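The next block is upload_39.cif, given as mmCIF, C-alpha atoms.
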data_coords
loop_
_atom_site.label_atom_id
_atom_site.label_comp_id
_atom_site.auth_asym_id
_atom_site.auth_seq_id
_atom_site.Cartn_x
_atom_site.Cartn_y
_atom_site.Cartn_z
CA MET A 21 183.98 200.26 78.50
CA SER A 22 186.12 197.08 78.51
CA ALA A 23 184.50 193.66 78.73
CA THR A 24 186.12 193.09 82.13
CA LEU A 25 184.88 196.41 83.52
CA ASP A 26 181.42 195.67 82.18
CA ALA A 27 181.46 192.22 83.80
CA ALA A 28 182.77 193.62 87.07
CA ILE A 29 180.05 196.26 87.27
CA GLY A 30 177.42 193.66 86.45
CA LEU A 31 178.57 191.27 89.17
CA ALA A 32 178.86 194.07 91.73
CA ALA A 33 175.30 195.14 90.90
CA GLU A 34 174.21 191.64 91.91
CA GLY A 35 175.88 192.14 95.29
CA TYR A 36 179.12 190.25 94.77
CA SER A 37 182.40 191.53 96.21
CA ILE A 38 185.10 191.58 93.54
CA PHE A 39 188.74 192.55 93.09
CA PRO A 40 191.45 192.42 90.39
CA CYS A 41 194.05 189.72 89.83
CA ILE A 42 197.15 189.98 87.67
CA TYR A 43 196.14 189.30 84.09
CA GLY A 44 196.52 185.67 83.05
CA THR A 45 197.06 184.53 86.65
CA LYS A 46 195.18 183.84 89.86
CA GLU A 47 197.45 186.19 91.84
CA PRO A 48 195.74 189.22 93.46
CA ALA A 49 196.73 192.59 92.04
CA VAL A 50 195.85 194.41 95.26
CA ARG A 51 197.87 194.29 98.45
CA ARG A 52 195.23 192.74 100.72
CA GLY A 53 193.98 190.27 98.14
CA PHE A 54 190.38 189.16 98.57
CA TYR A 55 190.14 191.21 101.77
CA SER A 56 190.09 194.28 99.49
CA ALA A 57 187.09 192.96 97.51
CA SER A 58 184.34 195.52 97.00
CA ALA A 59 181.00 196.07 95.29
CA ASN A 60 181.49 199.85 95.23
CA PRO A 61 181.18 201.12 91.61
CA ALA A 62 183.77 203.86 92.14
CA THR A 63 186.33 201.39 93.47
CA ILE A 64 185.61 199.00 90.64
CA GLY A 65 186.02 201.81 88.12
CA ARG A 66 189.45 202.66 89.51
CA TRP A 67 190.54 199.03 89.30
CA PHE A 68 189.17 198.04 85.92
CA GLY A 69 188.63 201.31 84.09
CA GLY A 70 192.25 202.09 83.27
CA THR A 71 194.65 200.90 80.60
CA VAL A 72 196.02 197.94 82.57
CA GLU A 73 194.23 194.66 81.91
CA TYR A 74 193.28 192.55 84.93
CA ASN A 75 191.61 189.26 85.65
CA LEU A 76 188.34 189.48 87.54
CA ALA A 77 188.00 187.65 90.87
CA ILE A 78 185.03 187.29 93.18
CA ARG A 79 185.38 186.80 96.92
CA THR A 80 183.41 183.69 97.82
CA GLY A 81 181.60 182.80 101.02
CA MET A 82 179.43 185.02 103.18
CA ALA A 83 181.05 188.19 101.82
CA SER A 84 179.28 187.63 98.48
CA GLY A 85 176.59 185.17 99.48
CA ILE A 86 177.86 182.45 97.13
CA TRP A 87 180.21 179.49 97.13
CA VAL A 88 181.74 177.64 94.22
CA LEU A 89 182.05 173.93 93.49
CA ASP A 90 185.26 173.47 91.47
CA ILE A 91 185.18 170.41 89.21
CA ASP A 92 188.63 169.37 87.93
CA PRO A 93 188.48 166.50 85.40
CA ARG A 94 192.29 166.23 85.43
CA HIS A 95 191.98 164.72 88.91
CA GLY A 96 188.78 162.76 88.32
CA GLY A 97 186.32 165.46 89.33
CA ASP A 98 183.91 164.70 86.48
CA LYS A 99 183.74 161.02 87.45
CA SER A 100 183.36 161.89 91.13
CA LEU A 101 180.48 164.27 90.36
CA ALA A 102 178.74 161.62 88.23
CA GLU A 103 179.00 159.14 91.11
CA LEU A 104 177.60 161.66 93.59
CA GLU A 105 174.66 162.44 91.32
CA ARG A 106 173.93 158.73 90.85
CA GLU A 107 173.86 158.34 94.62
CA HIS A 108 172.01 161.53 95.62
CA GLY A 109 170.24 162.77 92.50
CA ALA A 110 171.07 165.31 89.81
CA LEU A 111 172.20 168.79 90.84
CA PRO A 112 169.78 171.59 89.95
CA PRO A 113 170.76 174.06 87.22
CA THR A 114 172.70 177.03 88.58
CA ARG A 115 175.18 179.62 87.35
CA ALA A 116 178.22 177.90 85.84
CA VAL A 117 181.64 178.83 84.44
CA LYS A 118 183.91 176.94 82.06
CA THR A 119 187.52 176.97 83.27
CA ALA A 120 190.59 175.61 81.44
CA ASP A 121 189.28 172.05 81.26
CA GLY A 122 186.77 171.94 84.09
CA TRP A 123 183.96 174.07 85.43
CA HIS A 124 182.71 176.03 88.41
CA LEU A 125 179.19 175.76 89.79
CA TRP A 126 178.00 178.81 91.76
CA TRP A 127 175.66 178.29 94.71
CA LEU A 128 173.86 180.70 96.98
CA THR A 129 174.60 180.56 100.69
CA ASP A 130 173.43 182.30 103.83
CA CYS A 131 175.78 180.43 106.16
CA PRO A 132 179.56 179.91 106.28
CA ILE A 133 180.94 177.33 103.84
CA GLN A 134 184.30 175.68 104.55
CA SER A 135 186.80 175.87 101.68
CA SER A 136 188.60 172.62 100.85
CA ASP A 137 190.25 170.44 98.21
CA ASN A 138 188.94 166.90 97.63
CA ARG A 139 186.79 166.84 100.79
CA VAL A 140 183.56 166.50 98.82
CA ALA A 141 185.18 163.94 96.51
CA GLN A 142 188.36 163.37 94.53
CA GLY A 143 188.91 166.20 92.03
CA ILE A 144 186.19 168.41 93.53
CA GLY A 145 187.13 171.55 95.45
CA VAL A 146 185.07 174.04 97.42
CA LYS A 147 185.65 177.78 97.33
CA GLY A 148 183.79 179.20 100.28
CA ASP A 149 184.81 181.50 103.09
CA GLY A 150 188.41 182.67 103.11
CA THR A 151 189.14 182.41 99.39
CA TYR A 152 187.99 183.49 95.92
CA ALA A 153 187.21 182.34 92.38
CA ILE A 154 188.17 183.77 89.00
CA ALA A 155 185.24 184.89 86.83
CA PRO A 156 184.76 185.47 83.07
CA PRO A 157 186.12 187.03 80.92
CA SER A 158 189.44 186.45 82.69
CA LEU A 159 192.39 184.66 81.08
CA HIS A 160 193.31 181.32 82.66
CA PRO A 161 197.04 180.63 83.30
CA ASP A 162 196.73 177.82 80.72
CA GLY A 163 195.97 180.41 78.06
CA VAL A 164 192.19 179.94 77.65
CA PHE A 165 189.46 182.33 78.70
CA TYR A 166 186.94 181.67 81.43
CA GLU A 167 183.48 181.55 79.87
CA TRP A 168 179.94 181.44 81.18
CA ILE A 169 178.23 178.12 80.68
CA SER A 170 175.12 179.58 82.26
CA THR A 171 174.36 183.07 83.54
CA ALA A 172 171.16 181.94 85.26
CA PRO A 173 170.80 183.22 88.82
CA PRO A 174 172.57 180.96 91.34
CA VAL A 175 170.37 178.69 93.44
CA TYR A 176 170.90 176.97 96.78
CA ALA A 177 172.77 173.66 96.65
CA PRO A 178 171.00 170.51 97.82
CA ASP A 179 171.43 169.70 101.51
CA TRP A 180 173.42 166.56 100.72
CA LEU A 181 176.03 168.57 98.86
CA VAL A 182 176.34 171.17 101.62
CA ARG A 183 176.80 168.38 104.17
CA LEU A 184 179.70 167.00 102.16
CA THR A 185 181.53 170.35 102.43
CA ILE A 186 181.65 170.14 106.23
CA LYS A 187 184.76 168.74 107.86
CA PRO A 188 183.86 165.60 109.83
CA GLN A 189 184.23 166.06 113.57
CA PRO A 190 186.33 163.47 115.40
CA PRO A 191 184.33 161.25 117.75
CA PRO A 192 184.49 162.30 121.39
CA TYR A 193 187.29 160.64 123.29
CA THR A 194 186.22 158.04 125.83
CA PRO A 195 189.01 157.02 128.19
CA PRO A 196 189.59 153.26 128.29
CA PRO A 197 188.50 151.51 131.47
CA ARG A 198 191.29 151.40 133.97
CA PRO A 199 192.42 147.95 135.02
CA PRO A 200 192.63 147.16 138.72
CA HIS A 201 195.83 148.66 140.04
CA VAL A 202 198.27 146.33 141.76
CA GLY A 203 200.17 148.07 144.53
CA SER A 204 198.03 151.23 144.41
CA PRO A 205 199.93 154.43 145.17
CA GLY A 206 199.70 155.88 148.58
CA ALA A 207 198.02 159.17 149.40
CA TYR A 208 201.13 161.19 148.55
CA GLY A 209 201.54 159.74 145.06
CA ALA A 210 197.79 159.69 144.35
CA ALA A 211 197.40 163.35 145.30
CA ALA A 212 200.34 164.34 143.10
CA LEU A 213 198.98 162.33 140.17
CA ASP A 214 195.54 163.92 140.46
CA ARG A 215 196.94 167.43 140.81
CA GLU A 216 199.43 167.23 137.94
CA THR A 217 197.03 165.62 135.46
CA GLU A 218 194.18 167.99 136.33
CA GLU A 219 196.43 170.99 135.69
CA LEU A 220 197.57 169.46 132.40
CA ALA A 221 194.01 168.70 131.28
CA ASN A 222 193.13 172.38 131.73
CA CYS A 223 196.30 173.79 130.16
CA PRO A 224 195.50 176.32 127.38
CA ARG A 225 196.95 176.36 123.86
CA GLY A 226 200.46 177.71 123.58
CA GLY A 227 201.91 175.91 126.57
CA ARG A 228 200.50 172.40 126.35
CA ASN A 229 203.59 170.62 124.98
CA ASN A 230 205.98 172.16 127.52
CA GLU A 231 203.51 171.47 130.33
CA THR A 232 203.16 167.85 129.19
CA ASN A 233 206.93 167.41 129.34
CA LEU A 234 207.11 168.99 132.81
CA LYS A 235 204.25 166.92 134.23
CA ALA A 236 205.71 163.71 132.77
CA PHE A 237 209.09 164.54 134.32
CA ARG A 238 207.65 165.20 137.78
CA LEU A 239 205.49 162.09 137.76
CA GLY A 240 208.38 160.03 136.38
CA GLN A 241 210.36 161.07 139.46
CA LEU A 242 207.60 159.63 141.66
CA VAL A 243 207.57 156.42 139.63
CA ALA A 244 211.32 156.08 140.25
CA GLY A 245 210.73 156.78 143.95
CA GLY A 246 208.20 153.96 144.24
CA GLU A 247 205.22 156.28 144.78
CA LEU A 248 203.44 155.64 141.46
CA ASP A 249 203.03 152.96 138.81
CA GLY A 250 204.54 153.91 135.41
CA ALA A 251 201.72 152.44 133.29
CA GLU A 252 199.10 154.25 135.36
CA VAL A 253 200.99 157.54 135.04
CA GLU A 254 201.19 157.16 131.25
CA ARG A 255 197.45 156.41 131.00
CA ARG A 256 196.56 159.45 133.08
CA LEU A 257 198.84 161.75 131.08
CA ILE A 258 197.29 160.50 127.83
CA GLU A 259 193.79 161.20 129.18
CA ALA A 260 194.85 164.72 130.20
CA CYS A 261 196.26 165.38 126.72
CA HIS A 262 193.00 164.25 125.16
CA ALA A 263 191.15 166.63 127.46
CA ASN A 264 193.32 169.65 126.53
CA GLY A 265 193.19 168.79 122.82
CA LEU A 266 196.89 168.05 122.33
CA MET A 267 196.28 164.46 121.20
CA THR A 268 193.90 165.59 118.44
CA ASP A 269 195.71 168.78 117.47
CA ARG A 270 196.82 168.87 113.83
CA GLY A 271 200.24 170.25 114.73
CA ASP A 272 200.95 167.78 117.55
CA GLY A 273 198.72 164.72 117.51
CA PRO A 274 199.21 161.30 119.11
CA ARG A 275 202.73 160.55 117.84
CA LYS A 276 204.32 163.81 118.98
CA THR A 277 202.37 163.86 122.24
CA MET A 278 203.38 160.30 123.15
CA ALA A 279 207.00 161.12 122.37
CA THR A 280 206.82 164.10 124.75
CA ILE A 281 205.21 162.03 127.53
CA ARG A 282 207.76 159.22 127.31
CA SER A 283 210.73 161.57 127.01
CA GLY A 284 209.64 163.47 130.10
CA MET A 285 209.07 160.29 132.08
CA ARG A 286 212.47 158.84 131.08
CA ALA A 287 214.16 162.01 132.29
CA GLY A 288 212.21 161.94 135.55
CA LEU A 289 213.19 158.33 136.22
CA GLN A 290 216.80 159.51 136.57
CA PHE A 291 215.88 161.65 139.61
CA PRO A 292 213.79 159.58 142.04
CA ARG A 293 211.48 161.48 144.38
CA SER A 294 209.24 160.21 147.15
CA ARG A 295 207.46 161.40 150.25
CA ARG A 296 210.53 160.56 152.26
CA SER A 297 212.76 162.75 150.09
CA ALA A 298 210.27 165.61 149.60
#
Please rewrite the model in this file as structure tokens.
Amino acid sequence: MSATLDAAIGLAAEGYSIFPCIYGTKEPAVRRGFYSASANPATIGRWFGGTVEYNLAIRTGMASGIWVLDIDPRHGGDKSLAELEREHGALPPTRAVKTADGWHLWWLTDCPIQSSDNRVAQGIGVKGDGTYAIAPPSLHPDGVFYEWISTAPPVYAPDWLVRLTIKPQPPPYTPPPRPPHVGSPGAYGAAALDRETEELANCPRGGRNNETNLKAFRLGQLVAGGELDGAEVERRLIEACHANGLMTDRGDGPRKTMATIRSGMRAGLQFPRSRRSA
């Protein structure tokens, strides 16, 4: 029995889901990657019991009930960890792995853990749900072997450390107070403004950018026709895009959204529309 097969069977017996990676790399050797991870002894035997050598990977997160804190001294992870422990207290002993020039700390979990790089601190990564970690006796791409620093049973991480793994939520958007409107729009313009911005605020993902451009164009027409004030229209469109999430979306965000609003309004200004011309 090879050392890797022995290690794989031992980890699977503890309930961890494992799978093979190409030897000397972190690249999965199975088509579905960590989604193929298993604790089934027969499956593990087929993977690791042959003549081909593989690295051993463990699927992290809820699938295995553990997550891994990845300390990378090359990017200051050792110093970051020391600062965190000075602030919050020393971490309890848990299962640990020596990597090329850093280490992995294994922690129990019974709730989803978000994977990330540098969210906890500079040089400290988190391997939780949706990823995996390489385990001993695998060969690191740098040419050294992963080794156990401690094979003690993993324990739960302190609450302060778990809190640091969670992505901060943006504060809720509060629309700025509207200044008194000089030359308030008439009923026709006001009704159009309310209708268009309400529809935009409730627009689902997938069509928000196009809908923003269309609404800005239509309302820009009414600005050109003297039915609406341009500054008021822009404020209302911004509020609607906060409500539908476009302003805080990672792929769009404030810069792209504002560009869409202003482009649509500029186009609309070329084609005036008013109650008289409707």
Written as a PyMOL selection string, which residues does the PyMOL selection byres ((chain A and resi 173-177) around 9) give for the file shown?
chain A and resi 86+111-116+125-129+170-172+178-182
Around all the atoms of stretch 79-97 of chain A listed in the file, with 8 Å of room on each side, what axis-aligned box do you get, giving centre and edge lengths in Å to one decimal, as JSON?
{"center_x": 184.4, "center_y": 175.5, "center_z": 94.3, "size_x": 31.7, "size_y": 41.4, "size_z": 33.8}
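One finds atom CA of A:Trp123 at 9.3 Å from atom CA of A:Glu167.
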Selection dump of the PyMOL selection byres ((chain A and resi 77) around 8), as a list in words
Ile38, Phe39, Pro40, Cys41, Asn75, Leu76, Ile78, Arg79, Tyr152, Ala153, Ile154 and Ala155 of chain A
Pairwise distance for atom CA of A:Lys147 and atom CA of A:Asp162, rounded to one decimal in Å
20.0 Å
Can you list, as a ChimeraX atom specification, the residues that the PyMOL selection byres ((chain A and resi 294) around 9) selects here?
/A:208-209,241-247,292-293,295-298
Restricting the calculation to all atoms listed in the file, which member of A:Tyr74, A:Trp87, A:Phe237, A:Trp168 is positioned closest to A:Ala49?
A:Tyr74
Provide the atom CA of A:Thr151 to atom CA of A:Phe54 distance in Å, to one decimal place.
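The value is 6.9 Å.
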Within 6 Å of A:Tyr36 using all atoms listed in the file, minus same-chain residues under 3 positions, as number ranges by chain:
A: 31-32, 84
Distance query 10 Å from (192.9, 169.3, 128.7) using all atoms listed in the file, result as number ranges by chain
A: 217-225, 228, 257-267
Selected residue of minimal separation from A:Arg286 among A:Gly273, A:Glu254, A:Asn60, A:Thr268, counting all atoms listed in the file:
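Residue with the minimum atom-to-atom distance to A:Arg286: A:Glu254.
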